[in-house]
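Colleague: If it helps, the file is called final_20.cif and holds mmCIF, C-alpha atoms:
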data_structure
#
loop_
_atom_site.label_atom_id
_atom_site.label_comp_id
_atom_site.auth_asym_id
_atom_site.auth_seq_id
_atom_site.Cartn_x
_atom_site.Cartn_y
_atom_site.Cartn_z
CA MET A 1 -17.01 -35.57 3.04
CA ASP A 2 -17.23 -32.01 1.74
CA LEU A 3 -19.68 -31.77 -1.11
CA ALA A 4 -19.29 -28.05 -1.89
CA TYR A 5 -16.22 -25.85 -1.94
CA ILE A 6 -14.29 -23.50 -4.20
CA PRO A 7 -11.40 -25.34 -5.86
CA SER A 8 -8.01 -23.71 -6.26
CA PRO A 9 -6.12 -23.76 -9.57
CA SER A 10 -3.58 -26.53 -9.89
CA THR A 11 -1.09 -23.94 -11.10
CA GLY A 12 -0.85 -20.16 -11.23
CA VAL A 13 1.01 -20.16 -14.54
CA ILE A 14 -0.17 -20.89 -18.06
CA ASN A 15 2.59 -21.33 -20.61
CA LEU A 16 1.85 -19.89 -24.04
CA GLY A 17 4.76 -21.48 -25.81
CA PRO A 18 7.91 -19.93 -24.34
CA ILE A 19 5.90 -17.15 -22.66
CA PRO A 20 4.62 -17.81 -19.11
CA LEU A 21 1.29 -16.13 -18.37
CA ARG A 22 0.99 -15.77 -14.61
CA GLY A 23 -2.50 -15.53 -13.17
CA TYR A 24 -1.51 -12.97 -10.54
CA ALA A 25 0.03 -10.58 -13.07
CA PHE A 26 -2.85 -11.14 -15.49
CA CYS A 27 -5.40 -10.09 -12.83
CA ILE A 28 -3.39 -6.96 -12.00
CA ILE A 29 -3.16 -5.97 -15.67
CA ILE A 30 -6.88 -6.52 -16.29
CA GLY A 31 -7.68 -4.50 -13.18
CA VAL A 32 -5.56 -1.58 -14.39
CA PHE A 33 -7.29 -1.57 -17.79
CA VAL A 34 -10.73 -1.59 -16.17
CA ALA A 35 -9.77 1.26 -13.84
CA VAL A 36 -8.47 3.40 -16.72
CA TRP A 37 -11.43 2.60 -18.97
CA TYR A 38 -14.07 3.42 -16.35
CA GLY A 39 -12.13 6.37 -15.02
CA ASN A 40 -11.97 7.79 -18.54
CA LYS A 41 -15.77 7.55 -18.88
CA ARG A 42 -16.28 9.37 -15.59
CA TRP A 43 -13.67 11.99 -16.44
CA ILE A 44 -15.36 12.80 -19.75
CA ALA A 45 -18.71 13.03 -17.95
CA ARG A 46 -17.15 15.58 -15.58
CA GLY A 47 -16.05 17.74 -18.51
CA GLY A 48 -12.57 16.38 -19.18
CA THR A 49 -11.11 15.13 -22.43
CA ALA A 50 -10.70 11.53 -23.55
CA GLY A 51 -7.24 10.10 -22.96
CA THR A 52 -6.35 12.27 -19.99
CA VAL A 53 -6.91 9.49 -17.46
CA ALA A 54 -4.65 7.14 -19.42
CA ASP A 55 -1.95 9.79 -19.75
CA ILE A 56 -1.87 10.32 -15.98
CA ALA A 57 -2.10 6.57 -15.35
CA VAL A 58 1.25 6.25 -17.15
CA TRP A 59 2.67 7.97 -14.06
CA ALA A 60 0.34 6.61 -11.39
CA VAL A 61 0.47 2.88 -12.22
CA PRO A 62 4.28 2.37 -12.07
CA PHE A 63 4.47 4.44 -8.88
CA GLY A 64 1.61 2.40 -7.44
CA LEU A 65 3.25 -0.93 -8.24
CA VAL A 66 6.51 0.18 -6.65
CA GLY A 67 4.69 1.53 -3.61
CA GLY A 68 2.63 -1.62 -3.19
CA ARG A 69 5.69 -3.82 -3.40
CA LEU A 70 7.68 -1.64 -1.00
CA TYR A 71 4.91 -1.76 1.60
CA HIS A 72 4.71 -5.54 1.35
CA VAL A 73 8.47 -6.05 1.57
CA VAL A 74 8.89 -3.62 4.48
CA THR A 75 6.01 -5.03 6.53
CA ASP A 76 6.94 -8.67 5.74
CA TYR A 77 10.70 -8.27 5.59
CA GLN A 78 11.23 -11.64 7.29
CA LEU A 79 10.07 -13.35 4.10
CA TYR A 80 13.03 -11.94 2.19
CA PHE A 81 15.80 -10.90 4.58
CA SER A 82 15.73 -13.44 7.40
CA GLU A 83 18.11 -16.39 7.60
CA GLY A 84 17.63 -18.90 4.81
CA GLN A 85 15.70 -16.48 2.60
CA ASP A 86 16.87 -15.04 -0.71
CA TRP A 87 16.56 -11.23 -0.84
CA VAL A 88 16.30 -11.40 -4.63
CA ASP A 89 12.77 -12.76 -4.15
CA ALA A 90 11.76 -9.27 -3.03
CA PHE A 91 11.78 -8.26 -6.70
CA LYS A 92 9.61 -11.18 -7.86
CA ILE A 93 6.37 -9.28 -7.90
CA TRP A 94 4.67 -11.90 -10.08
CA GLU A 95 4.76 -14.32 -7.15
CA GLY A 96 2.38 -12.09 -5.20
CA GLY A 97 2.78 -9.48 -2.55
CA LEU A 98 1.37 -5.99 -3.11
CA GLY A 99 0.23 -3.81 -0.23
CA ILE A 100 -2.74 -1.66 -1.24
CA TRP A 101 -1.75 1.00 1.30
CA GLY A 102 1.61 1.56 -0.37
CA ALA A 103 0.10 1.29 -3.84
CA ILE A 104 -2.43 4.05 -3.17
CA ALA A 105 0.05 6.28 -1.35
CA LEU A 106 2.84 6.18 -3.94
CA GLY A 107 0.35 5.91 -6.80
CA ALA A 108 -1.08 9.23 -5.62
CA VAL A 109 2.38 10.75 -5.94
CA GLY A 110 2.59 9.56 -9.54
CA ALA A 111 -0.93 10.88 -10.24
CA TRP A 112 0.04 14.23 -8.72
CA ILE A 113 3.01 14.47 -11.08
CA GLY A 114 0.82 13.62 -14.07
CA CYS A 115 -1.86 16.11 -13.01
CA ARG A 116 0.73 18.86 -12.55
CA ARG A 117 2.01 18.27 -16.05
CA ARG A 118 -1.53 18.59 -17.44
CA GLY A 119 -2.65 21.45 -15.22
CA ILE A 120 -5.37 19.36 -13.62
CA PRO A 121 -6.47 19.41 -9.94
CA LEU A 122 -5.56 16.11 -8.31
CA PRO A 123 -8.75 15.88 -6.16
CA ALA A 124 -10.98 16.03 -9.26
CA TYR A 125 -8.93 13.32 -10.95
CA ALA A 126 -9.06 11.17 -7.81
CA ASP A 127 -12.85 11.49 -7.66
CA ALA A 128 -13.15 10.34 -11.27
CA ILE A 129 -11.02 7.21 -10.88
CA ALA A 130 -12.12 6.19 -7.35
CA PRO A 131 -14.74 3.56 -8.30
CA GLY A 132 -12.45 2.27 -11.05
CA ILE A 133 -9.72 1.65 -8.48
CA ALA A 134 -12.18 -0.33 -6.36
CA LEU A 135 -13.09 -2.47 -9.37
CA ALA A 136 -9.39 -2.96 -10.13
CA GLN A 137 -8.89 -4.25 -6.59
CA ALA A 138 -11.86 -6.58 -6.99
CA ILE A 139 -10.25 -8.10 -10.07
CA GLY A 140 -6.73 -8.06 -8.68
CA ARG A 141 -7.75 -10.07 -5.61
CA TRP A 142 -8.35 -13.08 -7.84
CA GLY A 143 -4.60 -13.17 -8.30
CA ASN A 144 -4.44 -14.44 -4.71
CA TRP A 145 -6.71 -17.28 -5.74
CA PHE A 146 -4.25 -18.31 -8.46
CA ASN A 147 -1.40 -18.23 -5.94
CA GLN A 148 -3.40 -19.92 -3.14
CA GLU A 149 -2.54 -17.20 -0.66
CA LEU A 150 -4.15 -14.81 1.82
CA TYR A 151 -6.98 -17.15 2.79
CA GLY A 152 -8.81 -17.12 6.11
CA LYS A 153 -9.47 -19.46 8.99
CA PRO A 154 -10.63 -23.07 8.50
CA THR A 155 -14.33 -23.45 7.75
CA ASP A 156 -16.85 -26.03 6.51
CA LEU A 157 -19.10 -23.52 4.75
CA PRO A 158 -20.27 -24.44 1.23
CA TRP A 159 -18.15 -21.63 -0.22
CA ALA A 160 -14.99 -22.70 1.56
CA LEU A 161 -11.77 -22.45 -0.42
CA LYS A 162 -9.83 -25.67 -0.93
CA ILE A 163 -6.10 -25.19 -0.46
CA THR A 164 -3.61 -27.83 -1.55
CA GLU A 165 -0.56 -28.71 0.49
CA SER A 166 2.84 -27.19 -0.22
CA ALA A 167 5.98 -26.22 1.67
CA ASN A 168 4.33 -23.02 2.97
CA ARG A 169 0.74 -24.10 3.51
CA GLU A 170 -1.37 -26.90 4.92
CA ALA A 171 -4.12 -28.54 2.88
CA GLY A 172 -7.66 -27.90 3.99
CA LEU A 173 -10.78 -25.77 3.57
CA TYR A 174 -10.55 -22.12 4.53
CA HIS A 175 -12.51 -18.89 4.34
CA PRO A 176 -11.97 -17.40 0.84
CA THR A 177 -11.00 -13.96 2.11
CA PHE A 178 -9.85 -13.02 -1.38
CA LEU A 179 -13.46 -13.52 -2.54
CA TYR A 180 -14.87 -11.57 0.41
CA GLU A 181 -12.65 -8.62 -0.39
CA SER A 182 -13.36 -8.84 -4.10
CA LEU A 183 -17.12 -8.68 -3.52
CA TRP A 184 -16.67 -5.92 -0.96
CA CYS A 185 -14.73 -3.83 -3.48
CA VAL A 186 -17.51 -4.22 -6.04
CA GLY A 187 -19.92 -2.92 -3.40
CA VAL A 188 -17.59 -0.02 -2.62
CA ALA A 189 -17.50 0.95 -6.30
CA ALA A 190 -21.31 0.89 -6.46
CA LEU A 191 -21.54 2.97 -3.28
CA VAL A 192 -19.17 5.65 -4.60
CA VAL A 193 -21.01 5.87 -7.94
CA TRP A 194 -24.38 6.19 -6.20
CA ALA A 195 -23.18 8.76 -3.65
CA ASP A 196 -21.43 10.78 -6.33
CA ARG A 197 -24.60 10.99 -8.41
CA ARG A 198 -26.81 11.66 -5.40
CA PHE A 199 -24.69 14.26 -3.59
CA LYS A 200 -22.46 15.61 -6.40
CA LEU A 201 -19.27 14.87 -4.49
CA GLY A 202 -16.28 16.99 -5.36
CA HIS A 203 -12.84 18.16 -4.22
CA GLY A 204 -11.69 14.61 -3.46
CA ARG A 205 -14.66 13.52 -1.36
CA ALA A 206 -15.66 10.68 -3.71
CA PHE A 207 -12.13 9.29 -3.40
CA ALA A 208 -12.23 9.72 0.38
CA LEU A 209 -15.51 7.82 0.49
CA TYR A 210 -13.91 4.98 -1.46
CA VAL A 211 -11.00 4.92 0.99
CA ALA A 212 -13.26 4.93 4.06
CA ALA A 213 -15.59 2.25 2.69
CA TYR A 214 -12.71 0.01 1.64
CA CYS A 215 -11.03 0.33 5.03
CA ALA A 216 -14.27 -0.60 6.80
CA GLY A 217 -14.36 -3.88 4.91
CA ARG A 218 -10.64 -4.52 4.97
CA GLY A 219 -10.63 -4.34 8.76
CA TRP A 220 -12.93 -7.32 9.35
CA ILE A 221 -11.60 -9.28 6.38
CA GLU A 222 -8.01 -8.81 7.56
CA TYR A 223 -9.03 -10.05 11.00
CA MET A 224 -10.08 -13.38 9.46
CA ARG A 225 -6.79 -14.08 7.73
CA VAL A 226 -4.32 -16.62 9.08
CA ASP A 227 -1.20 -15.80 7.07
CA GLU A 228 1.83 -14.58 8.98
CA ALA A 229 1.73 -10.90 9.89
CA HIS A 230 3.06 -8.45 12.46
CA HIS A 231 0.78 -7.71 15.40
CA VAL A 232 0.44 -4.55 17.46
CA LEU A 233 -1.54 -4.69 20.71
CA GLY A 234 -3.07 -7.98 19.64
CA LEU A 235 -4.21 -6.79 16.21
CA ARG A 236 -2.64 -7.33 12.82
CA LEU A 237 -0.71 -4.35 11.51
CA ASN A 238 -3.04 -3.99 8.52
CA VAL A 239 -6.05 -3.80 10.84
CA TRP A 240 -4.50 -0.81 12.61
CA THR A 241 -3.66 0.72 9.24
CA ALA A 242 -7.27 0.32 8.11
CA ILE A 243 -8.55 1.96 11.30
CA VAL A 244 -6.21 4.96 11.04
CA VAL A 245 -6.80 5.50 7.32
CA PHE A 246 -10.57 5.15 7.82
CA LEU A 247 -10.59 7.90 10.44
CA LEU A 248 -8.46 10.18 8.26
CA ALA A 249 -10.76 9.65 5.26
CA VAL A 250 -13.90 10.42 7.28
CA ALA A 251 -12.26 13.52 8.75
CA TYR A 252 -11.36 14.69 5.24
CA ILE A 253 -14.94 14.25 4.03
CA VAL A 254 -16.34 16.30 6.93
CA ILE A 255 -13.76 19.09 6.80
CA SER A 256 -13.71 19.31 3.01
CA ALA A 257 -17.50 19.57 2.84
CA ARG A 258 -17.38 22.58 5.15
CA VAL A 259 -14.36 24.31 3.65
CA ARG A 260 -15.03 23.61 -0.04
CA PRO A 261 -18.69 22.64 -0.55
CA GLY A 262 -20.03 21.68 -3.93
CA ARG A 263 -18.15 20.31 -6.90
CA GLU A 264 -15.52 21.72 -9.24
CA GLU A 265 -17.10 23.40 -12.26
CA VAL A 266 -13.94 23.01 -14.35
CA VAL A 267 -11.81 19.87 -14.02
CA GLU A 268 -9.60 20.32 -17.06
CA PRO A 269 -8.89 23.92 -18.12
CA LYS A 270 -7.76 22.94 -21.63
CA ALA A 271 -10.98 21.00 -22.19
CA ALA A 272 -13.02 23.94 -20.95
CA ALA A 273 -11.15 26.29 -23.28
CA ALA A 274 -11.72 23.94 -26.22
CA LYS A 275 -15.42 23.71 -25.36
CA ASN A 276 -15.74 27.49 -25.22
CA ALA A 277 -13.94 27.78 -28.54
CA ALA A 278 -16.32 25.25 -30.06
CA GLU A 279 -19.31 27.14 -28.71
CA ASP A 280 -17.91 30.38 -30.11
CA GLY A 281 -17.41 28.62 -33.44
CA ALA A 282 -21.01 27.45 -33.36
CA GLU A 283 -22.12 31.01 -32.74
CA ASP A 284 -19.95 32.20 -35.62
CA GLY A 285 -21.62 29.57 -37.75
CA GLY A 286 -24.85 31.53 -37.27
CA ALA A 287 -23.20 34.68 -38.64
CA PRO A 288 -24.74 34.41 -42.15
CA VAL A 289 -28.20 34.78 -40.64
CA ASP A 290 -27.08 37.74 -38.61
CA ALA A 291 -25.31 39.14 -41.66
CA VAL A 292 -28.51 38.86 -43.70
CA GLU A 293 -30.43 40.65 -40.98
CA ASP A 294 -27.73 43.32 -40.76
CA SER A 295 -27.73 43.57 -44.54
CA VAL A 296 -31.49 44.00 -44.61
CA GLU A 297 -31.29 46.59 -41.88
CA GLY A 298 -28.42 48.27 -43.70
CA ASP A 299 -30.33 48.31 -46.98
CA SER A 300 -33.34 49.75 -45.23
CA ALA A 301 -31.18 52.43 -43.69
CA LYS A 302 -29.63 53.20 -47.06
CA ASP A 303 -33.05 53.41 -48.67
CA SER A 304 -34.24 55.70 -45.93
CA ALA A 305 -31.18 57.89 -46.29
CA LYS A 306 -31.58 57.97 -50.08
CA ALA A 307 -35.23 58.86 -49.80
CA SER A 308 -34.37 61.55 -47.29
CA GLU A 309 -31.72 62.94 -49.60
CA GLU A 310 -34.11 62.89 -52.57
CA GLY A 311 -36.78 64.52 -50.49
CA SER A 312 -34.39 67.20 -49.33
CA ALA A 313 -33.22 67.83 -52.92
CA LYS A 314 -36.81 68.01 -54.12
CA ASP A 315 -37.73 70.43 -51.39
CA SER A 316 -34.68 72.52 -52.20
CA GLY A 317 -35.65 72.52 -55.90
CA GLU A 318 -39.19 73.55 -55.11
CA ASP A 319 -37.93 76.33 -52.89
CA ALA A 320 -35.58 77.50 -55.67
CA ASP A 321 -38.43 77.45 -58.20
CA LYS A 322 -40.62 79.38 -55.85
CA GLY A 323 -37.84 81.90 -55.31
CA ALA A 324 -37.30 82.27 -59.04
CA ASP A 325 -41.02 82.77 -59.67
CA SER A 326 -41.20 85.28 -56.90
CA GLY A 327 -38.24 87.17 -58.32
CA ALA A 328 -39.72 87.15 -61.81
CA GLY A 329 -43.02 88.42 -60.47
CA SER A 330 -41.30 91.22 -58.63
CA ALA A 331 -39.34 92.21 -61.71
CA ALA A 332 -42.52 92.32 -63.77
CA LYS A 333 -44.21 94.55 -61.24
CA GLY A 334 -41.19 96.89 -61.21
#
For this file, produce the structure as structure tokens.
Modeller:
Amino acid sequence: MDLAYIPSPSTGVINLGPIPLRGYAFCIIIGVFVAVWYGNKRWIARGGTAGTVADIAVWAVPFGLVGGRLYHVVTDYQLYFSEGQDWVDAFKIWEGGLGIWGAIALGAVGAWIGCRRRGIPLPAYADAIAPGIALAQAIGRWGNWFNQELYGKPTDLPWALKITESANREAGLYHPTFLYESLWCVGVAALVVWADRRFKLGHGRAFALYVAAYCAGRGWIEYMRVDEAHHVLGLRLNVWTAIVVFLLAVAYIVISARVRPGREEVVEPKAAAAKNAAEDGAEDGGAPVDAVEDSVEGDSAKDSAKASEEGSAKDSGEDADKGADSGAGSAAKG
């Protein structure tokens, strides 16, 4: 008899009157809000303006959702386009099925569009939101718990996940790979924040570190899963994807550090311009003091000039008097 295990929800849907609230969608939405909120804090700390992260997320999030769904459908096409399957299910995103690789790839395209519209360098934006994305993934993985999907091999560990029987799964206790990945993502977020503060990462290197660290964990977690997947040379397709993306991310960190060391001084030109204008305004606010000093100096100069003029006039008068006296004396002698 198993005395300790993680129970699964009896249902992944909570009905609020006529509105169904699906656990999977709820986790995704909460994750997006956390990513935008934390990304905004980091962006402001880097010198950007409040609201910029949310404005760009309006482009990045829809692109990311489409990309994540496309990756899942393409790599697991048999679930939707094989005999006996309904292809319409490919659009039922609330039932689960988002590939992080496609979400990041196409989400980056959306972020690039948003950054171009705001005149912002994409690498700086990516660095700001990197740990937020990791936290969003940590939250989003709990959607798999609601759907009782993407679990690992059977186990009798105290933290085993209890799965109930259905048409597509067998009841039993399994490794909670969703929990492993969720905790790993929290660790990745902490790593990126620490490294960014310690080494002042810039030009996309904080984001690359997030990608490399996530891939390192995803590789061994993916290897534990037992859900149906395509295999290449004995390894699951997502394991190969994690290996390739990991190597690319590490290569980017090394090359970028050599080509563009340091961190961007300006991440949002408009914010920098507004800051400079504010500083100029603050300096102008000190103008009365300067004006008083100038006025004092001006008054002193005027007084000096006036005294000089009076002195010159006096000297001229004395010279004239002397000349007149001299003339009178001469006339008397004559």
Colleague: Using the chain letters and numbering of this document, enumerate as a ChimeraX atom specification the residues selected by the PyMOL selection byres ((chain A and resi 71) around 12).
Modeller: /A:64-70,72-77,90,97-106,237-238,241
Colleague: For a cutoff of 9 Å around the file-coordinate point (0.4, -20.7, 4.6), which residues qualify once you count all atoms listed in the file? I'd like the result as a list of chain:residue names.
Modeller: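 Residues satisfying the cut-off, written out: A:Gln148, A:Glu149, A:Leu150, A:Tyr151, A:Ser166, A:Ala167, A:Asn168, A:Arg169, A:Glu170, A:Val226, A:Asp227, A:Glu228.
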Colleague: Determine, counting all atoms listed in the file, which protein, DNA and RNA residues have an atom within 12 Å of an atom of stretch 12-15 of chain A; residues of the same chain fewer than 3 positions away are not included. Present the result as a ChimeraX atom specification.
Modeller: /A:8-9,18-27,94-96,142-149
Colleague: Take the PyMOL selection byres ((chain A and resi 184-201) around 6), apply it to the structure above, and return the hits as a ChimeraX atom specification.
Modeller: /A:131,134-135,138,181-183,202,205-206
Colleague: Of the candidates A:Gly31, A:Gly140, A:Gly262, A:Gly172, which shows the shortest atom-to-atom distance to A:Gly152, using all atoms listed in the file?
Modeller: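 Checking each of A:Gly31, A:Gly140, A:Gly262, A:Gly172 against A:Gly152, counting all atoms listed in the file, the winner is A:Gly172.
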Colleague: Apply the PyMOL selection byres ((chain A and resi 124) around 10) to the file shown and report the selected residues as a list in words.
Modeller: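 Selected by the PyMOL selection byres ((chain A and resi 124) around 10) in this file: Trp43, Arg46, Cys115, Ile120, Pro121, Leu122, Pro123, Tyr125, Ala126, Asp127, Ala128, Ile129, Leu201, Gly202, His203, Gly204, Arg205, Ala206, Phe207, Arg263, Glu264, Val266, Val267 and Glu268 of chain A.
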Colleague: Counting all atoms listed in the file, find residues at most 12 Å from (-7.0, 23.4, -23.7) (file frame) and give them as an mmCIF file with C-alpha atoms, in the coordinates of the input.
Modeller:
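Writing done, so here's point_4.cif:
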data_model
loop_
_atom_site.group_PDB
_atom_site.id
_atom_site.type_symbol
_atom_site.label_atom_id
_atom_site.label_comp_id
_atom_site.auth_asym_id
_atom_site.auth_seq_id
_atom_site.Cartn_x
_atom_site.Cartn_y
_atom_site.Cartn_z
ATOM 1 C CA GLY A 47 -16.050 17.740 -18.510
ATOM 2 C CA GLY A 48 -12.570 16.380 -19.180
ATOM 3 C CA THR A 49 -11.110 15.130 -22.430
ATOM 4 C CA THR A 52 -6.350 12.270 -19.990
ATOM 5 C CA ARG A 118 -1.530 18.590 -17.440
ATOM 6 C CA GLY A 119 -2.650 21.450 -15.220
ATOM 7 C CA ILE A 120 -5.370 19.360 -13.620
ATOM 8 C CA VAL A 266 -13.940 23.010 -14.350
ATOM 9 C CA VAL A 267 -11.810 19.870 -14.020
ATOM 10 C CA GLU A 268 -9.600 20.320 -17.060
ATOM 11 C CA PRO A 269 -8.890 23.920 -18.120
ATOM 12 C CA LYS A 270 -7.760 22.940 -21.630
ATOM 13 C CA ALA A 271 -10.980 21.000 -22.190
ATOM 14 C CA ALA A 272 -13.020 23.940 -20.950
ATOM 15 C CA ALA A 273 -11.150 26.290 -23.280
ATOM 16 C CA ALA A 274 -11.720 23.940 -26.220
ATOM 17 C CA LYS A 275 -15.420 23.710 -25.360
ATOM 18 C CA ASN A 276 -15.740 27.490 -25.220
ATOM 19 C CA ALA A 277 -13.940 27.780 -28.540
ATOM 20 C CA ALA A 278 -16.320 25.250 -30.060
#
Colleague: What is the atom CA of A:Gln85-atom CA of A:Ile29 distance in Å, reported with one decimal?
Modeller: 28.3 Å
Colleague: One number please: atom CA of A:Ile44 to atom CA of A:Val259, in Å, one decimal.
Modeller: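 Taking atom CA of A:Ile44 and atom CA of A:Val259, their separation equals 26.1 Å.
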Colleague: Atom CA of A:Val36 and atom CA of A:Ala208, how far apart in Å?
Modeller: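 Interatomic distance, atom CA of A:Ala208 to atom CA of A:Val36: 18.6 Å.
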Colleague: Using all atoms listed in the file for the distances, tell me which of A:Gly132, A:Gly107, A:Gly217, A:Pro176 is nearest to A:Pro154.
Modeller: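 Closest to A:Pro154, using all atoms listed in the file: A:Pro176.
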Colleague: What lies within 10 Å of A:Leu157 using all atoms listed in the file, ignoring chain neighbours under 6 positions off, as a VMD selection string?
Modeller: chain A and resid 2 4 to 5 173 to 175
Colleague: Let me make sure I understand: among A:His230, A:Ile6, A:Gly84, A:Gly39, which one has the smallest atom-to-atom distance to A:Asp156 if we use all atoms listed in the file?
Modeller: A:Ile6
